[in-house]
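A short worksheet on the structure shown next.
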Amino acid sequence: MTKQAILCVDDEAIIVMSLSQEIRSHFHDRFIYETALSAEEAFSIIDELTKEGIRLIMVISDWLMPGMKGDEFLALVKERHPEIRAIMITGHADATAIARVLGGGLADCVLHKPWNPAELTDAVERCLRGVGGEDG
């Protein structure tokens with residue numbers, strides 16, 4: 001069976017580590033967990049996972065990041081890898097930005113900072129339903 005990965009992207013190290021830790025504590029060794037502090041770093045990780053034959057199934061990304069906003073990042077991810085599911089996490093996006101992300105199919109859901117750990121793991125579970133090879 002192909003190994004599957006979840007990638008968390010946020011420019012704040014404490015946030016990205018918290019996201020990864022909360023997801024790992026729920027899903028344990030079911031996935032490989034990767035973190036990136038920028039969109040550029042995330043694309044490098046995506047390329048590396050692909051080279052290693054690891055299937056990236058989900059990206060959890062912040063919206064407000066230097067260099068490239070989360071919606072721009074997710075648009076590029078979807079363009080290159082339309083099968084990847086996504087969750088955007090934000091403390092700053094306005095209703096228009098959120099509507100654009102959800103309406104454009106860039107993310108499966110949007111969570112607001114600070115998120116509730118149960119809300120996060122529930123959102124990941126919902127997004128992963130129906131992903132090939134992830135029947136539980």
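Just so we're on the same page: first chain in the structure tokens is A, next is B, and so on; residues restart at 1 for each chain, and ligands are numbered from 1 in the order they show up.
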**Report entry** 12 Å contact set for Glu79 (chain A), only C-alpha atoms, chain neighbours under 4 positions out, as a PyMOL selection string
**Finding:** chain A and resi 72-75+83-84+104-106
Write out the residues from the selection above, keeping C-alpha atoms, as a CSV table (one decimal), in the first residue's frame.
chain,number,residue,atom,x,y,z
A,72,GLU,CA,-2.8,31.5,-3.7
A,73,PHE,CA,-0.8,28.5,-2.4
A,74,LEU,CA,-3.8,26.2,-2.4
A,75,ALA,CA,-4.8,27.3,-5.9
A,83,GLU,CA,-6.7,15.1,-5.9
A,84,ILE,CA,-5.2,16.6,-2.8
A,104,GLY,CA,-13.5,28.0,-5.9
A,105,GLY,CA,-12.9,24.5,-4.5
A,106,LEU,CA,-9.5,25.5,-3.1
Report summary line: One residue among A:Leu49, A:Trp63, A:Asp122, A:Leu37 is nearest to Ile14 (chain A) when using only C-alpha atoms, and that residue is A:Leu37
Can you list, as a short mmCIF file (atom, residue, chain, number, x, y, z; two decimals) with C-alpha atoms, in the first residue's frame, every protein, DNA or RNA residue that comes within 8 Å of Val9 (chain A) when you count only C-alpha atoms, leaving out same-chain residues fewer than 4 positions away?
data_model
loop_
_atom_site.label_atom_id
_atom_site.label_comp_id
_atom_site.auth_asym_id
_atom_site.auth_seq_id
_atom_site.Cartn_x
_atom_site.Cartn_y
_atom_site.Cartn_z
CA VAL A 16 2.54 24.33 12.43
CA THR A 35 5.44 20.63 8.13
CA ALA A 36 6.50 23.72 6.19
CA LEU A 37 6.99 27.34 7.26
CA SER A 38 6.26 28.81 3.82
CA ALA A 39 4.60 28.00 0.51
CA ALA A 42 5.81 23.29 1.08
CA VAL A 59 -2.68 20.08 2.96
CA ILE A 60 -3.65 22.19 5.96
CA SER A 61 -2.58 25.76 5.30
CA ASP A 62 -2.67 29.11 7.01
#
Report summary line: Between A:Arg100, A:Lys78, A:Lys113, A:Lys69, smallest distance to Leu19 (chain A) by only C-alpha atoms belongs to A:Lys113
Find the spatial neighbours of Ala5 (chain A), counting only C-alpha atoms, within a cut-off of 6 Å - ignore same-chain residues fewer than 3 positions away - and output them as a tab-separated table (two decimals) with C-alpha atoms, in the first residue's frame.
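Output file around31.tsv follows:
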chain	number	residue	atom	x	y	z
A	31	PHE	CA	0.06	8.91	7.88
A	32	ILE	CA	3.39	10.58	7.40
A	33	TYR	CA	3.26	14.11	8.83
A	56	LEU	CA	0.18	13.58	-0.35
A	57	ILE	CA	-3.51	13.39	0.45
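Compared by their closest atoms to Asp11 (chain A), and using only C-alpha atoms, the residues A:His26, A:Leu64, A:Ile45, A:Glu34 rank with A:Leu64 nearest.
Remark: for Leu76 (chain A), the closest of the candidate residues A:Ile46, A:His92, A:Val110, A:Ile98 is A:Ile46 (distances computed over only C-alpha atoms).
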